[in-house]
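Here the structure comes first, spelled out in C-alpha cells, and everything after it is commentary.
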Amino acid sequence: MNDALLSLLDLLALERIEQDIFRGQSRASVVPRVFGGQVAAQALVAAGRTVPADRPPHSLHAYFLRPGDPGAPIVYTVDRIRDGRSFTTRRVVAVQHGQPIFHLSASFQVHEEGLEHQEPMPPAPDPLTLPTAAEMLPRHADRFVDPGVTERLLEARAAIDLRYVDEPPFGTVGQVREPRSQVWFRTNGDLDKALADGAGCGDTVTRPLLDICLVTYVSDMTLLDSILLAHGRGGWAVGDVVGASLDHAMWFHRPVRADDWLLYDQESPTAQGGRGLGKGRIFTADGQLAVSVIQEGVIRVPRG
C-alpha cells in the first residue's frame with residue numbers, strides 16, 4: 001500500500017476533543033502554508049461526523065480566510081445549524097493560533113429519486129496513455145525558480161495519481177492558450193485495501209463520505225490553471241504570478257469513488273481586479289457528471 005495514501009488518510013482521521021470539536025494535523029506543503037484542499041477535506045470530515053451516515057454531502061461553500069500554519073494542528077468547531085427530514089446543514093470554523101483560517105457551510109441529504117439529466121462528458125484520452133507526475137514534472141524542472149520544487153511537488157502529490165491531458169501552465173510559459181484544462185486523477189492505491197489495512201480514518205468516516213472528502217482534497221490542486229493558460233503564465237513555481245484560493249464551492253450530484261479514474265474538466269470564464277474564476281466538472285470514467293466546482297482565487301503579477 002502506498003505510504004503517501006495512508007498518510008493522507010491519517011490526515012482525515014480527526015481527533016474528537018469535545019462534543020462537535022475536532023483536531024486535525026497538518027503537513028508541509030509545496031508552499032509555506034497549509035494546502036487549501038487539506039483544510040476543506042478535514043472540515044468536511046468534521047461536519048460529516050455529526051451527520052447520520054445515510055446523509056452524504058450534496059454541497060459545500062467555503063472561504064479561505066488566512067494562510068494556515070503547517071506546523072500547528074487545526075481545531076474544527078461544528079455548529080449544528082439544522083436537522084430536517086431530508087436535509088442537514090452544518091457550519092464549520094477552522095482555527096489556528098486563536099484565529100479562524102477557514103469557514104465552511106455544508107448541506108447533506110438523504111437519498112431521493114427525482115428528475116435526471118446532465119451535460120455530456122467532453123472527449124478526453126485514456127488516462128493510462130498520459131504521463132505520470134514522475135514522468136512529466138522533471139521535464140520542466142529548469143523552468144522552476146527553486147530547484148527543489150519538483151521534489152516537493154512529487155511528494156505533495158504522491159497520494160494522488162494526477163495526469164494532465166495537455167501541458168500544464170508551467171510547460172508552455174509565454175504561450176497564450178484557450179482557458180481550458182483537463183486532468184485525470186485517482187488515489188494512488190485501493191481505498192478498500194487501505195481501510196482494511198487499518199488506515200487512520202477507517203473507524204470514523206464512512207466510505208461514501210471518504211470518497212467525497214478525497215475528491216474535495218484534489219479539487220483545489222489545479223482549478224486555477226485555466227486562468228494562467230489564458231495569459232501565458234506558468235504559475236507560482238515559475239514565479240510569474242502569486243496567488244491563493246479565496247472561496248470554493250462544490251455540488252456533489254452522483255456517487256463517486258476516489259480510487260477510480262475521474263476526469264476534471266476545468267475552464268476560466270473571467271479574470272479581473274487581481275482575481276480569477278475557475279469552473280470545473282468532475283466526471284466518472286463511464287461519463288457520469290459527479291461533481292461541479294467553482295473557485296475564485298487571487299492572481300497577481302509580481303511587481304518589479
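Just remember, in the C-alpha cells the first chain shown is A, the second B, etc., residues are 1-based per chain, and ligands are 1-based in the order shown.
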
Contacts of region 180-184 of chain A within 7 Å, only C-alpha atoms, excl. fewer than 5 positions in-chain, as number ranges by chain: A: 127, 162-165, 226, 261-268

Keeping only N, CA and C atoms, write the selected residues as a PDB file, in the first residue's frame.
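After the write, out_39.pdb holds the following:
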ATOM      1  N   PRO A 127      -6.615   7.820 -19.609  1.00  0.00           N
ATOM      2  CA  PRO A 127      -5.600   8.317 -18.660  1.00  0.00           C
ATOM      3  C   PRO A 127      -4.316   7.490 -18.653  1.00  0.00           C
ATOM      4  N   LEU A 162      -2.259  11.967 -10.608  1.00  0.00           N
ATOM      5  CA  LEU A 162      -2.866  13.070 -11.354  1.00  0.00           C
ATOM      6  C   LEU A 162      -2.128  13.246 -12.671  1.00  0.00           C
ATOM      7  N   ARG A 163      -2.873  13.186 -13.780  1.00  0.00           N
ATOM      8  CA  ARG A 163      -2.254  13.223 -15.107  1.00  0.00           C
ATOM      9  C   ARG A 163      -2.914  14.300 -15.971  1.00  0.00           C
ATOM     10  N   TYR A 164      -2.084  15.221 -16.465  1.00  0.00           N
ATOM     11  CA  TYR A 164      -2.564  16.298 -17.324  1.00  0.00           C
ATOM     12  C   TYR A 164      -2.849  15.754 -18.725  1.00  0.00           C
ATOM     13  N   VAL A 165      -3.983  16.162 -19.291  1.00  0.00           N
ATOM     14  CA  VAL A 165      -4.304  15.797 -20.672  1.00  0.00           C
ATOM     15  C   VAL A 165      -3.414  16.572 -21.633  1.00  0.00           C
ATOM     16  N   SER A 226      -6.504  27.120 -15.557  1.00  0.00           N
ATOM     17  CA  SER A 226      -7.034  27.659 -16.813  1.00  0.00           C
ATOM     18  C   SER A 226      -6.915  29.182 -16.863  1.00  0.00           C
ATOM     19  N   TRP A 261     -10.725   6.214 -11.858  1.00  0.00           N
ATOM     20  CA  TRP A 261     -10.338   7.381 -12.640  1.00  0.00           C
ATOM     21  C   TRP A 261     -11.496   8.379 -12.733  1.00  0.00           C
ATOM     22  N   LEU A 262     -11.165   9.663 -12.520  1.00  0.00           N
ATOM     23  CA  LEU A 262     -12.120  10.760 -12.621  1.00  0.00           C
ATOM     24  C   LEU A 262     -11.530  11.839 -13.521  1.00  0.00           C
ATOM     25  N   LEU A 263     -12.342  12.377 -14.421  1.00  0.00           N
ATOM     26  CA  LEU A 263     -11.900  13.440 -15.317  1.00  0.00           C
ATOM     27  C   LEU A 263     -12.329  14.786 -14.749  1.00  0.00           C
ATOM     28  N   TYR A 264     -11.348  15.672 -14.543  1.00  0.00           N
ATOM     29  CA  TYR A 264     -11.597  17.019 -14.028  1.00  0.00           C
ATOM     30  C   TYR A 264     -11.468  17.987 -15.196  1.00  0.00           C
ATOM     31  N   ASP A 265     -12.597  18.434 -15.720  1.00  0.00           N
ATOM     32  CA  ASP A 265     -12.652  19.346 -16.865  1.00  0.00           C
ATOM     33  C   ASP A 265     -12.816  20.763 -16.327  1.00  0.00           C
ATOM     34  N   GLN A 266     -11.860  21.665 -16.651  1.00  0.00           N
ATOM     35  CA  GLN A 266     -11.790  22.968 -15.997  1.00  0.00           C
ATOM     36  C   GLN A 266     -11.716  24.098 -17.018  1.00  0.00           C
ATOM     37  N   GLU A 267     -12.274  25.241 -16.655  1.00  0.00           N
ATOM     38  CA  GLU A 267     -12.215  26.417 -17.517  1.00  0.00           C
ATOM     39  C   GLU A 267     -12.278  27.676 -16.674  1.00  0.00           C
ATOM     40  N   SER A 268     -11.886  28.801 -17.290  1.00  0.00           N
ATOM     41  CA  SER A 268     -11.973  30.087 -16.606  1.00  0.00           C
ATOM     42  C   SER A 268     -12.755  31.061 -17.468  1.00  0.00           C
TER      43      SER A 268
END

Backbone DSSP call of alpha helix (DSSP H) for region 9-211 of chain A, listed as a PyMOL selection string: chain A and resi 9-11+36-48+133-136+149-156+191-196+207-211

Would you save the residues from that selection as a compact mmCIF listing (two decimals), in the first residue's frame, using C-alpha atoms?
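Below you can see selection-v1.txt, which holds the result:
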# COMPACT_ATOMS: atom_id res chain seq x y z
CA LEU A 9 -5.99 9.08 5.13
CA ASP A 10 -4.40 9.65 8.54
CA LEU A 11 -4.81 13.41 7.98
CA GLY A 36 -6.33 24.55 0.95
CA GLY A 37 -7.68 21.21 -0.22
CA GLN A 38 -6.50 19.64 3.04
CA VAL A 39 -8.39 22.15 5.19
CA ALA A 40 -11.54 21.80 3.07
CA ALA A 41 -11.43 18.00 3.24
CA GLN A 42 -10.81 17.97 7.00
CA ALA A 43 -13.62 20.46 7.62
CA LEU A 44 -15.99 18.29 5.59
CA VAL A 45 -14.92 15.25 7.63
CA ALA A 46 -15.69 17.18 10.83
CA ALA A 47 -19.13 18.17 9.55
CA GLY A 48 -19.86 14.65 8.28
CA ALA A 133 3.72 13.20 -12.49
CA ALA A 134 7.06 11.43 -12.06
CA GLU A 135 7.46 11.35 -15.84
CA MET A 136 6.16 14.86 -16.55
CA VAL A 149 10.07 22.44 -6.37
CA THR A 150 9.98 19.28 -8.47
CA GLU A 151 10.71 17.05 -5.50
CA ARG A 152 8.23 18.90 -3.27
CA LEU A 153 5.50 18.63 -5.91
CA LEU A 154 6.11 14.92 -6.33
CA GLU A 155 5.99 14.41 -2.58
CA ALA A 156 2.84 16.52 -2.15
CA LEU A 191 -9.16 2.55 -0.73
CA ASP A 192 -10.89 -0.64 0.39
CA LYS A 193 -7.49 -2.26 0.93
CA ALA A 194 -6.19 0.83 2.75
CA LEU A 195 -9.17 0.80 5.09
CA ALA A 196 -8.84 -2.96 5.64
CA ARG A 207 -16.67 5.05 2.59
CA PRO A 208 -19.08 7.39 0.70
CA LEU A 209 -18.02 10.35 2.86
CA LEU A 210 -14.36 9.44 2.48
CA ASP A 211 -14.64 9.42 -1.33

Closest of A:Leu137, A:Ala199, A:Thr187, A:Met221 to Glu167 (chain A) - atom-to-atom distances counting only C-alpha atoms: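 Residue with the minimum atom-to-atom distance to Glu167 (chain A): A:Leu137.
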
Closest of A:His103, A:Arg82, A:Arg254, A:Arg157 to Leu65 (chain A) - atom-to-atom distances counting only C-alpha atoms: A:His103

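CA of Asp247 (chain A) is found 27.4 Å from CA of Gln19 (chain A).
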
Selected residue of minimal separation from Pro122 (chain A) among A:Ala244, A:Ala258, A:Leu289, A:Ile74, counting only C-alpha atoms: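 Ranking A:Ala244, A:Ala258, A:Leu289, A:Ile74 by distance to Pro122 (chain A), first place goes to A:Leu289.
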